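Student: Quick one: the structure is below, and I'll ask about it shortly.
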Protein chains: 2
Amino acid sequence: MKDISLTRRFAAYVQKDAAYALALRTMYFDMATIAPKKGAAYRSNLLSILSGEAFAHATSKSTIALLQKVADQSDDRFAQDQAKAILKDLEKIRFIPKKQYVEFNKLCNDAEVEWELAREEKDFSRFAPYLHRLIEGTKANVKTRRRTECDYDVLLGDYEPNMTQVEYDRFFAVVKEKLVPFLHRLLTEGVKPDTSFLYKVYPVDKQKQFMEILKEALCVDPKSSYLATSAHPFSSSLSKFDNRITVRYLADNVASAIFSLIHEVGHATYNHQVDQVYEGTVFFDNMSMGMHESQSRMMENMLGRNKSFWVNLYPKLVALFPENLSEVSLDQWVAAINAVEPGFIRTEADELTYPLHILLRYEVERGFFDGSVTVDNVEAVWNQKIHDFLGLNVKDSAEGVLQDIHWSSASFGYFPTYALGSAYSAQWMVAMRKDLNVEQLLEEGRMDLIKQWLMEKIHTYGGKRQADELLKEVTGESFNPMHYVDYLIDKYSALYQLK
Amino acid sequence: MKDISLTRRFAAYVQKDAAYALALRTMYFDMATIAPKKGAAYRSNLLSILSGEAFAHATSKSTIALLQKVADQSDDRFAQDQAKAILKDLEKIRFIPKKQYVEFNKLCNDAEVEWELAREEKDFSRFAPYLHRLIEGTKANVKTRRRTECDYDVLLGDYEPNMTQVEYDRFFAVVKEKLVPFLHRLLTEGVKPDTSFLYKVYPVDKQKQFMEILKEALCVDPKSSYLATSAHPFSSSLSKFDNRITVRYLADNVASAIFSLIHEVGHATYNHQVDQVYEGTVFFDNMSMGMHESQSRMMENMLGRNKSFWVNLYPKLVALFPENLSEVSLDQWVAAINAVEPGFIRTEADELTYPLHILLRYEVERGFFDGSVTVDNVEAVWNQKIHDFLGLNVKDSAEGVLQDIHWSSASFGYFPTYALGSAYSAQWMVAMRKDLNVEQLLEEGRMDLIKQWLMEKIHTYGGKRQADELLKEVTGESFNPMHYVDYLIDKYSALYQLK
């Protein structure tokens, strides 16, 4: 009898937690897409009150006691696994004294405001004292967890379990040794494709028409998804059968919305294909950041920028924009959407230079926590690395050290997963190619079969199984960054006609 | 000190209540407009859990104790007024024993399902036992409140304070005596306008274009409103500056979406113009149903179907649909959108026959509670009245007694407010005409000045002041149904060229 009541209490806790999560996600989606602007102040005040309720429910003493009891004593294995995963996640905050927690939250809120102002004014010194306090505050928070690893390893593990500086050092060493010289060779010896036609006038209503064609090509189920417009593209899976995606349309850039959509469909497909038994539980969306990014980047770059994907699709795009594209061949289109153009801004980077932006951030963050980089020298370090990796000279901090929001919310350890996800996806592709003729399926419009492979091998497990375990099972080896580097070098050597 | 803490606790309660309300309204709006269909089961389960949380917060013993204390002891007059209004609203449920409450809720859920099936099968006998239990259950619920009035008077007062059967009898007697014979005369002696052009093909994308023009003509602020599409038109004000409206487009009916929009803008304008001090409190939207309906029906019928409103607007509609309207004059258009066509379905009724549909429902409901109408004779009573009032013979219960959802959720006492709202609006118009040249303002596109009058006289008070008080203050007399009857008879005598 006792255990039945424990199971019931745990189920009630899980449902209530899921109800809060659904409410908050619906409100965030609404806010980012359609909510009238003048209602922002009222909405954001009440949103923070509801978040506070959700947080109080998730972290109350009675919740922790319940979770602990389920984790230790339940004879329901699934409930036990859930409770352990939730407790592991709560470890990040539950030992922080309340005063420290509140002060740190306030610091993050203030820091984000200051970061925005500093970026506007292109003045890093304005943000510097906040960054210093964010780093010190993060260290103090990590200390409460009494872990044996060093601070940055703990943070890296929060975003990507089983990844520490040892593994990331190995990964980024390969990236740096192989890709920096390759990029240089590509830009000096390769044949640079023409990209000018991507930036002609592409009316937004016609771009929207193409999105419907593109969704069909990606086998997106219209009854379990919704596409909206927002200032920054994102995806939000409210449940297995409710996957929201947003894009942004630029009237002078045809590729922007297209590849945002494909990227977000990669994320959404992951959640859509999680085993239904995990819906409403922690395992529905506690996949690691690297795992999630591996699915979006695979969809965007390895499938979505693949020539075979465009064989049947490109004529439909040309039919919508004959004035811009009727003289552009399929090969010219594919070359343009894969062109390499070193720039200052990470979010605008192409597939090849992107990992170098992440390499830079990894080296800086590691320095923050081993003391070799401080707010006094970070700008100089940043600018030197941009020069070393991309051959560019940073003109101001808005296009340099101030460009990303992440540090202002103390998300140290997050950046490396962006590059890791791309590297994972290269390794998945090697395994997929053993089972499927990817190019043939893409040409035949059978994205459904590619998705099915992903579902069976990866998606169905949600966050229940982790990257290292799945990599070994699906690809037969641990994480191996050589697949990624080989893929990039092969792809770009061909595209840029290197000898 | 004690009182400061009481004020703080009350403020925290109000904010939390508002946060739940905002979350639930956002989720309902999302669900009715864009949420993917396949996510419905998951969403609706968690939505009911969150509603349960909100309900538990609103009705807990500690909440009631707090409200009671604020109502009795607070020296903050505004807080005291709010607490009293909330307690008055809670009176409807707080004395019902929990078992009775849960059983009644279950009955309502089951009854709604059965009602839908019964309507599909056109078989009232299937719904009859539920209707019987709903009436008996409602009486039992009213009994817990230990009020001195009879049951139906209590219910009428829940929807419209200060209105009982005495007042409604007086109102509906005038409606019946004046409008039933007038309708007969109109249909036999009047010149019936041509309406055929309203039902030609009107492509939805062009109708949507006209909505933008119409919103401008109605002075709807784009930064504090949002227009979407849903199966049934509705409006939902999430806050003063966040007013959502939906319409439904019919490709073979140009008037449907237009007058739905104007009607819902009437509702939305009311909430939008409430004094900001009431935002987030009970007074933001506890106006009586009759008051709210008076604003939507005034906007739709007295302003929106007014010839002067269309003088500058109609050419813009013709420009969008020249193939249907270029041969139709402004006068023909105005006659058509005001045409009288007796029918079986309340929601499709024109301005003149609408109150007769409500008269019927009022007489039936009154019969339910004085015992003169039962589930055994209600269908016969209904059909006889439709014949007496509209001269029509009901063929089946789907177009008769089963057409409305209201009774399946035990909303007895709600229907009469629909007609009352129309009657209020005629009385407001008489007062407005003393201050403003309505037709001139409509022709000049100065809906903003009409709205300003409504704001200053009515809207600004939200639910803080009630209909009878405002009627006396603004119009100089208590509710007087003759304004309504006179308005309808004058309007239709002219339109139908009665001698």
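Ligands are numbered from 1 in the order shown, residues from 1 within each chain, and chains are lettered A, B, ... in the order they appear in the structure tokens.
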Go through region 335-412 of chain A and collect every residue that DSSP, computed from the backbone, puts in alpha helix (DSSP H); the answer should be as a VMD selection string.

Tutor: chain A and resid 335 to 337 354 to 370 378 to 390

Student: Please provide the set of residues having any atom within 9 Å of Ala419 (chain B), restricted to only C-alpha atoms, with same-chain residues fewer than 4 positions apart removed, written as a short mmCIF file (atom, residue, chain, number, x, y, z; two decimals) with C-alpha atoms, in the first residue's frame.

Tutor:
```
data_model
loop_
_atom_site.label_atom_id
_atom_site.label_comp_id
_atom_site.auth_asym_id
_atom_site.auth_seq_id
_atom_site.Cartn_x
_atom_site.Cartn_y
_atom_site.Cartn_z
CA PHE B 172 -39.94 40.63 -22.30
CA GLY B 290 -25.68 42.33 -20.23
CA GLU B 293 -23.19 42.40 -24.66
CA SER B 294 -24.51 45.96 -24.81
CA TYR B 354 -32.92 37.81 -32.22
CA PRO B 355 -34.77 39.02 -29.09
CA LEU B 356 -37.66 36.69 -29.93
CA HIS B 357 -35.30 33.72 -29.77
CA ILE B 358 -34.24 34.94 -26.33
CA LEU B 359 -37.81 35.59 -25.22
CA PHE B 415 -29.65 33.67 -22.18
CA ALA B 423 -31.84 46.78 -25.05
CA TYR B 424 -29.20 48.52 -22.90
#
```

Student: Nearest to Leu488 (chain B) among B:Asn141, B:Ser296, B:Asn338, B:Gln440, with distances taken over only C-alpha atoms: which residue is it?

Tutor: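 Using only C-alpha atoms, the shortest distance to Leu488 (chain B) belongs to B:Asn338.
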
Student: Could you please determine the separation between CA of Val175 (chain A) and CA of Met482 (chain A) in Å, to one decimal place?

Tutor: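 Answer for the CA of Val175 (chain A) to CA of Met482 (chain A) separation: 8.8 Å.
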
Student: Select, as a ChimeraX atom specification, those residues of chain A with any atom no more than 7 Å from chain B (distances computed using only C-alpha atoms).

Tutor: /A:16,19,23,26-27,36-39,46-47,49-50,223-226,239,241-242

Student: Store the residues picked out above, limited to N, CA and C atoms, as an mmCIF file, in the first residue's frame.

Tutor:
```
data_model
loop_
_atom_site.group_PDB
_atom_site.id
_atom_site.type_symbol
_atom_site.label_atom_id
_atom_site.label_comp_id
_atom_site.auth_asym_id
_atom_site.auth_seq_id
_atom_site.Cartn_x
_atom_site.Cartn_y
_atom_site.Cartn_z
ATOM 1 N N LYS A 16 1.844 17.862 -12.480
ATOM 2 C CA LYS A 16 1.775 19.281 -12.139
ATOM 3 C C LYS A 16 2.973 20.021 -12.750
ATOM 4 N N ALA A 19 2.344 20.428 -16.325
ATOM 5 C CA ALA A 19 1.310 21.447 -16.578
ATOM 6 C C ALA A 19 1.923 22.845 -16.540
ATOM 7 N N ALA A 23 2.247 25.444 -19.730
ATOM 8 C CA ALA A 23 1.728 26.820 -19.640
ATOM 9 C C ALA A 23 2.833 27.815 -19.988
ATOM 10 N N THR A 26 3.804 27.644 -23.700
ATOM 11 C CA THR A 26 2.766 28.254 -24.548
ATOM 12 C C THR A 26 2.864 29.771 -24.463
ATOM 13 N N MET A 27 3.072 30.291 -23.242
ATOM 14 C CA MET A 27 3.147 31.743 -23.068
ATOM 15 C C MET A 27 4.393 32.324 -23.739
ATOM 16 N N PRO A 36 0.457 41.059 -28.544
ATOM 17 C CA PRO A 36 0.563 42.505 -28.785
ATOM 18 C C PRO A 36 1.656 43.149 -27.927
ATOM 19 N N LYS A 37 2.421 44.000 -28.569
ATOM 20 C CA LYS A 37 3.603 44.586 -27.926
ATOM 21 C C LYS A 37 3.264 45.371 -26.655
ATOM 22 N N LYS A 38 2.149 46.125 -26.689
ATOM 23 C CA LYS A 38 1.851 46.972 -25.542
ATOM 24 C C LYS A 38 1.469 46.184 -24.290
ATOM 25 N N GLY A 39 1.175 44.896 -24.455
ATOM 26 C CA GLY A 39 0.836 44.076 -23.286
ATOM 27 C C GLY A 39 2.058 43.479 -22.607
ATOM 28 N N LEU A 46 3.538 38.873 -14.793
ATOM 29 C CA LEU A 46 2.795 37.686 -14.366
ATOM 30 C C LEU A 46 3.492 36.395 -14.778
ATOM 31 N N LEU A 47 4.195 36.470 -15.898
ATOM 32 C CA LEU A 47 4.972 35.316 -16.342
ATOM 33 C C LEU A 47 6.036 34.976 -15.301
ATOM 34 N N ILE A 49 5.830 35.608 -12.151
ATOM 35 C CA ILE A 49 5.154 35.051 -10.971
ATOM 36 C C ILE A 49 4.819 33.581 -11.184
ATOM 37 N N LEU A 50 4.349 33.251 -12.389
ATOM 38 C CA LEU A 50 4.036 31.854 -12.677
ATOM 39 C C LEU A 50 5.304 30.991 -12.709
ATOM 40 N N LYS A 223 -0.394 18.133 -38.876
ATOM 41 C CA LYS A 223 -1.308 18.024 -37.741
ATOM 42 C C LYS A 223 -0.604 17.976 -36.390
ATOM 43 N N SER A 224 0.726 17.903 -36.418
ATOM 44 C CA SER A 224 1.414 17.925 -35.126
ATOM 45 C C SER A 224 2.500 18.994 -35.098
ATOM 46 N N SER A 225 2.377 19.987 -35.987
ATOM 47 C CA SER A 225 3.386 21.053 -36.004
ATOM 48 C C SER A 225 2.731 22.376 -36.370
ATOM 49 N N TYR A 226 3.431 23.448 -36.100
ATOM 50 C CA TYR A 226 2.934 24.778 -36.466
ATOM 51 C C TYR A 226 4.117 25.691 -36.753
ATOM 52 N N SER A 239 4.748 19.160 -26.806
ATOM 53 C CA SER A 239 4.549 17.739 -26.531
ATOM 54 C C SER A 239 4.967 16.987 -27.788
ATOM 55 N N PHE A 241 3.300 15.614 -30.011
ATOM 56 C CA PHE A 241 2.495 15.949 -31.186
ATOM 57 C C PHE A 241 2.195 17.444 -31.278
ATOM 58 N N ASP A 242 3.031 18.242 -30.672
ATOM 59 C CA ASP A 242 2.834 19.692 -30.734
ATOM 60 C C ASP A 242 4.197 20.366 -30.812
#
```

Student: I'd like the neighbourhood of Thr374 (chain B) as a ChimeraX atom specification, where a residue qualifies if any of its atoms comes within 8 Å (using only C-alpha atoms), though same-chain residues fewer than 5 positions away should be ignored.

Tutor: /B:132,367-368

Student: Restricting the output to C-alpha atoms, write the selected residues as an mmCIF file, in the first residue's frame.

Tutor:
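File written: again07.cif
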```
data_model
loop_
_atom_site.group_PDB
_atom_site.id
_atom_site.type_symbol
_atom_site.label_atom_id
_atom_site.label_comp_id
_atom_site.auth_asym_id
_atom_site.auth_seq_id
_atom_site.Cartn_x
_atom_site.Cartn_y
_atom_site.Cartn_z
ATOM 1 C CA HIS B 132 -33.456 16.962 -15.823
ATOM 2 C CA GLY B 367 -40.790 27.289 -16.588
ATOM 3 C CA PHE B 368 -37.980 24.906 -15.612
#
```

Student: Work out how far CA of Phe127 (chain B) is from CA of Glu114 (chain B), in Å to one decimal.

Tutor: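 Atom-to-atom, CA of Glu114 (chain B) to CA of Phe127 (chain B), that is 6.0 Å.
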
Student: Could you name the residues that touch Met298 (chain B) at 8 Å or less, counting only C-alpha atoms, but leaving out those on the same chain fewer than 4 positions away, as number ranges by chain?

Tutor: B: 266, 294, 302-304, 422, 425-426, 429

Student: Might you pull out every residue within 10 Å of Met291 (chain B), with only C-alpha atoms counted and same-chain residues fewer than 6 positions away left off, and present them as a list of chain:residue names?

Tutor: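 Surrounding residues, per the criterion: B:Glu160, B:His267, B:Tyr270, B:Thr417, B:Tyr418, B:Leu420, B:Gly421, B:Ser422, B:Tyr424, B:Ser425, B:Ile458, B:His459, B:Gly462, B:Gly463, B:Gln466, B:Ala467, B:Asp468, B:Leu470.
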
Student: Write out as a PyMOL selection string all residues of region 103-267 of chain B that DSSP puts in strand (DSSP E) for this structure's backbone.

Tutor: chain B and resi 225-229+234-239+242-247

Student: Take CA of Lys178 (chain B) and CA of Pro193 (chain B) and report the distance between them in Å, one decimal.

Tutor: 22.5 Å

Student: Using only C-alpha atoms, determine which residues lie at most 12 Å from Leu313 (chain A), disregarding the query and same-chain residues fewer than 3 positions distant; provide the list as a compact mmCIF listing (two decimals) with all heavy atoms, in the first residue's frame.

Tutor:
```txt
# COMPACT_ATOMS: atom_id res chain seq x y z
N PHE A 210 7.07 29.03 -50.32
CA PHE A 210 8.09 27.99 -50.44
C PHE A 210 8.22 27.19 -49.14
O PHE A 210 8.55 26.00 -49.16
CB PHE A 210 9.45 28.58 -50.85
CG PHE A 210 10.46 27.50 -51.14
CD1 PHE A 210 10.30 26.67 -52.25
CD2 PHE A 210 11.54 27.28 -50.30
CE1 PHE A 210 11.20 25.64 -52.51
CE2 PHE A 210 12.44 26.26 -50.55
CZ PHE A 210 12.28 25.44 -51.67
N MET A 211 7.98 27.82 -48.01
CA MET A 211 8.06 27.10 -46.73
C MET A 211 7.11 25.91 -46.70
O MET A 211 7.42 24.87 -46.15
CB MET A 211 7.71 28.04 -45.56
CG MET A 211 8.76 29.10 -45.27
SD MET A 211 10.36 28.44 -44.74
CE MET A 211 11.40 29.27 -45.92
N GLU A 212 5.93 26.08 -47.31
CA GLU A 212 4.98 24.96 -47.34
C GLU A 212 5.54 23.80 -48.17
O GLU A 212 5.40 22.63 -47.79
CB GLU A 212 3.63 25.43 -47.90
CG GLU A 212 2.93 26.47 -47.04
CD GLU A 212 2.78 26.02 -45.59
OE1 GLU A 212 2.28 24.90 -45.37
OE2 GLU A 212 3.18 26.78 -44.68
N ILE A 213 6.18 24.14 -49.29
CA ILE A 213 6.80 23.11 -50.14
C ILE A 213 7.95 22.44 -49.39
O ILE A 213 8.10 21.22 -49.40
CB ILE A 213 7.32 23.76 -51.46
CG1 ILE A 213 6.13 24.33 -52.24
CG2 ILE A 213 8.13 22.78 -52.27
CD1 ILE A 213 6.53 25.26 -53.39
N LEU A 214 8.71 23.27 -48.68
CA LEU A 214 9.87 22.76 -47.95
C LEU A 214 9.43 21.83 -46.80
O LEU A 214 10.04 20.78 -46.56
CB LEU A 214 10.67 23.95 -47.42
CG LEU A 214 12.02 23.69 -46.76
CD1 LEU A 214 12.95 22.89 -47.67
CD2 LEU A 214 12.69 25.01 -46.38
N LYS A 215 8.37 22.22 -46.10
CA LYS A 215 7.88 21.37 -45.01
C LYS A 215 7.48 20.00 -45.54
O LYS A 215 7.73 18.98 -44.91
CB LYS A 215 6.68 22.03 -44.31
CG LYS A 215 7.06 23.14 -43.35
CD LYS A 215 5.94 23.48 -42.39
CE LYS A 215 4.73 24.04 -43.09
NZ LYS A 215 3.65 24.42 -42.16
N GLU A 216 6.86 20.01 -46.71
CA GLU A 216 6.47 18.74 -47.31
C GLU A 216 7.69 17.90 -47.65
O GLU A 216 7.72 16.70 -47.40
CB GLU A 216 5.64 19.01 -48.57
CG GLU A 216 4.35 18.21 -48.61
CD GLU A 216 3.60 18.45 -49.89
OE1 GLU A 216 3.08 19.59 -50.05
OE2 GLU A 216 3.53 17.54 -50.75
N ALA A 217 8.72 18.57 -48.22
CA ALA A 217 9.95 17.85 -48.58
C ALA A 217 10.63 17.27 -47.34
O ALA A 217 11.29 16.25 -47.39
CB ALA A 217 10.90 18.79 -49.32
N LEU A 218 10.43 17.94 -46.19
CA LEU A 218 11.04 17.47 -44.94
C LEU A 218 10.11 16.51 -44.20
O LEU A 218 10.42 16.08 -43.08
CB LEU A 218 11.36 18.68 -44.05
CG LEU A 218 12.44 19.63 -44.57
CD1 LEU A 218 12.41 20.96 -43.81
CD2 LEU A 218 13.82 18.99 -44.48
N ILE A 258 15.01 29.59 -45.19
CA ILE A 258 15.06 28.18 -45.62
C ILE A 258 15.90 27.35 -44.65
O ILE A 258 15.45 26.31 -44.15
CB ILE A 258 15.63 28.06 -47.06
CG1 ILE A 258 14.62 28.59 -48.08
CG2 ILE A 258 16.02 26.63 -47.37
CD1 ILE A 258 15.14 28.65 -49.52
N GLY A 304 20.17 19.06 -45.56
CA GLY A 304 19.53 20.22 -46.18
C GLY A 304 20.40 20.98 -47.16
O GLY A 304 19.88 21.68 -48.04
N ARG A 305 21.72 20.91 -47.03
CA ARG A 305 22.61 21.59 -48.00
C ARG A 305 23.21 20.59 -48.98
O ARG A 305 24.15 20.91 -49.71
CB ARG A 305 23.72 22.34 -47.26
CG ARG A 305 23.21 23.49 -46.38
CD ARG A 305 24.34 24.31 -45.78
NE ARG A 305 23.90 25.08 -44.63
CZ ARG A 305 23.48 26.35 -44.68
NH1 ARG A 305 23.45 26.98 -45.84
NH2 ARG A 305 23.08 26.95 -43.58
N ASN A 306 22.66 19.38 -48.96
CA ASN A 306 23.12 18.33 -49.85
C ASN A 306 22.51 18.52 -51.24
O ASN A 306 21.31 18.80 -51.36
CB ASN A 306 22.64 16.99 -49.24
CG ASN A 306 23.27 15.79 -49.90
OD1 ASN A 306 23.25 15.66 -51.12
ND2 ASN A 306 23.81 14.91 -49.09
N LYS A 307 23.32 18.35 -52.27
CA LYS A 307 22.81 18.55 -53.63
C LYS A 307 21.59 17.66 -53.91
O LYS A 307 20.61 18.10 -54.54
CB LYS A 307 23.92 18.26 -54.65
CG LYS A 307 23.45 18.44 -56.10
CD LYS A 307 24.57 18.17 -57.10
CE LYS A 307 24.01 18.09 -58.52
NZ LYS A 307 25.08 17.79 -59.50
N SER A 308 21.64 16.43 -53.43
CA SER A 308 20.55 15.49 -53.72
C SER A 308 19.22 15.98 -53.16
O SER A 308 18.16 15.72 -53.73
CB SER A 308 20.88 14.11 -53.13
OG SER A 308 22.05 13.62 -53.72
N PHE A 309 19.27 16.66 -52.02
CA PHE A 309 18.03 17.19 -51.43
C PHE A 309 17.38 18.20 -52.37
O PHE A 309 16.16 18.36 -52.38
CB PHE A 309 18.36 17.82 -50.07
CG PHE A 309 17.16 18.41 -49.36
CD1 PHE A 309 16.14 17.59 -48.89
CD2 PHE A 309 17.06 19.77 -49.14
CE1 PHE A 309 15.04 18.12 -48.22
CE2 PHE A 309 15.97 20.32 -48.47
CZ PHE A 309 14.96 19.49 -48.02
N TRP A 310 18.21 18.90 -53.14
CA TRP A 310 17.70 20.00 -53.97
C TRP A 310 17.35 19.60 -55.39
O TRP A 310 16.80 20.42 -56.14
CB TRP A 310 18.71 21.16 -53.96
CG TRP A 310 18.68 21.88 -52.64
CD1 TRP A 310 19.53 21.70 -51.58
CD2 TRP A 310 17.71 22.85 -52.21
NE1 TRP A 310 19.16 22.50 -50.52
CE2 TRP A 310 18.05 23.22 -50.88
CE3 TRP A 310 16.61 23.44 -52.81
CZ2 TRP A 310 17.30 24.15 -50.16
CZ3 TRP A 310 15.86 24.38 -52.10
CH2 TRP A 310 16.21 24.72 -50.78
N LYS A 316 11.31 23.94 -57.98
CA LYS A 316 10.13 24.58 -57.37
C LYS A 316 10.47 25.96 -56.83
O LYS A 316 9.64 26.87 -56.84
CB LYS A 316 9.57 23.69 -56.26
CG LYS A 316 9.03 22.36 -56.79
CD LYS A 316 8.59 21.42 -55.68
CE LYS A 316 8.18 20.08 -56.29
NZ LYS A 316 7.99 19.04 -55.27
N LEU A 317 11.69 26.10 -56.34
CA LEU A 317 12.14 27.42 -55.88
C LEU A 317 12.30 28.36 -57.07
O LEU A 317 11.88 29.53 -57.02
CB LEU A 317 13.47 27.27 -55.12
CG LEU A 317 13.99 28.54 -54.44
CD1 LEU A 317 13.10 28.95 -53.27
CD2 LEU A 317 15.42 28.34 -53.94
N VAL A 318 12.88 27.83 -58.14
CA VAL A 318 13.06 28.64 -59.35
C VAL A 318 11.71 29.10 -59.89
O VAL A 318 11.55 30.26 -60.31
CB VAL A 318 13.83 27.84 -60.43
CG1 VAL A 318 13.94 28.66 -61.73
CG2 VAL A 318 15.22 27.45 -59.93
N ALA A 319 10.72 28.20 -59.84
CA ALA A 319 9.39 28.55 -60.36
C ALA A 319 8.77 29.70 -59.57
O ALA A 319 8.01 30.49 -60.12
CB ALA A 319 8.48 27.32 -60.29
N LEU A 320 9.10 29.82 -58.29
CA LEU A 320 8.57 30.91 -57.47
C LEU A 320 9.33 32.22 -57.71
O LEU A 320 8.78 33.30 -57.55
CB LEU A 320 8.64 30.54 -55.99
CG LEU A 320 7.48 29.72 -55.42
CD1 LEU A 320 7.80 29.23 -54.03
CD2 LEU A 320 6.20 30.56 -55.40
N LEU A 330 21.41 24.27 -60.82
CA LEU A 330 21.37 23.55 -59.54
C LEU A 330 22.75 23.55 -58.88
O LEU A 330 22.87 23.80 -57.68
CB LEU A 330 20.90 22.10 -59.79
CG LEU A 330 20.97 21.14 -58.60
CD1 LEU A 330 20.05 21.59 -57.47
CD2 LEU A 330 20.60 19.72 -59.03
N TRP A 333 23.49 26.88 -57.38
CA TRP A 333 22.70 27.05 -56.14
C TRP A 333 23.35 26.31 -54.98
O TRP A 333 23.55 26.87 -53.89
CB TRP A 333 21.28 26.55 -56.37
CG TRP A 333 20.46 26.37 -55.12
CD1 TRP A 333 20.18 25.19 -54.49
CD2 TRP A 333 19.85 27.39 -54.33
NE1 TRP A 333 19.42 25.41 -53.37
CE2 TRP A 333 19.20 26.76 -53.24
CE3 TRP A 333 19.78 28.79 -54.44
CZ2 TRP A 333 18.50 27.46 -52.27
CZ3 TRP A 333 19.07 29.49 -53.46
CH2 TRP A 333 18.45 28.84 -52.39
N VAL A 334 23.72 25.05 -55.20
CA VAL A 334 24.30 24.24 -54.12
C VAL A 334 25.64 24.82 -53.68
O VAL A 334 25.95 24.86 -52.48
CB VAL A 334 24.45 22.76 -54.57
CG1 VAL A 334 25.20 21.96 -53.53
CG2 VAL A 334 23.06 22.15 -54.80
N LEU A 442 17.32 11.02 -50.64
CA LEU A 442 17.06 12.46 -50.74
C LEU A 442 16.52 12.80 -52.12
O LEU A 442 15.57 13.57 -52.25
CB LEU A 442 18.34 13.25 -50.47
CG LEU A 442 18.82 13.29 -49.01
CD1 LEU A 442 20.16 14.03 -48.92
CD2 LEU A 442 17.80 13.95 -48.10
N GLU A 443 17.11 12.21 -53.14
CA GLU A 443 16.64 12.50 -54.50
C GLU A 443 15.22 12.00 -54.72
O GLU A 443 14.44 12.61 -55.45
CB GLU A 443 17.58 11.87 -55.53
CG GLU A 443 18.83 12.70 -55.72
CD GLU A 443 19.68 12.23 -56.90
OE1 GLU A 443 19.12 11.79 -57.92
OE2 GLU A 443 20.92 12.32 -56.77
N GLU A 444 14.90 10.91 -54.05
CA GLU A 444 13.55 10.33 -54.22
C GLU A 444 12.53 10.95 -53.27
O GLU A 444 11.38 10.52 -53.21
CB GLU A 444 13.60 8.81 -53.98
CG GLU A 444 14.33 8.06 -55.09
CD GLU A 444 14.58 6.60 -54.73
OE1 GLU A 444 14.24 6.20 -53.58
OE2 GLU A 444 15.10 5.86 -55.58
N GLY A 445 12.98 11.94 -52.49
CA GLY A 445 12.04 12.59 -51.58
C GLY A 445 11.64 11.72 -50.40
O GLY A 445 10.58 11.90 -49.80
```

Student: May I have the residues within 9 Å of Ser260 (chain B) as an MDAnalysis selection string, using only C-alpha atoms and disregarding those fewer than 3 positions away in the same chain?

Tutor: chainID B and resid 233:234 246:248 255:257 263:265 300

Student: Here is a test: counting only C-alpha atoms, which residue of B:Gln427, B:Ser237, B:Thr281, B:Asn271 is nearest to Ile86 (chain B)?

Tutor: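 Of the candidates, the smallest distance to Ile86 (chain B) is held by B:Thr281.
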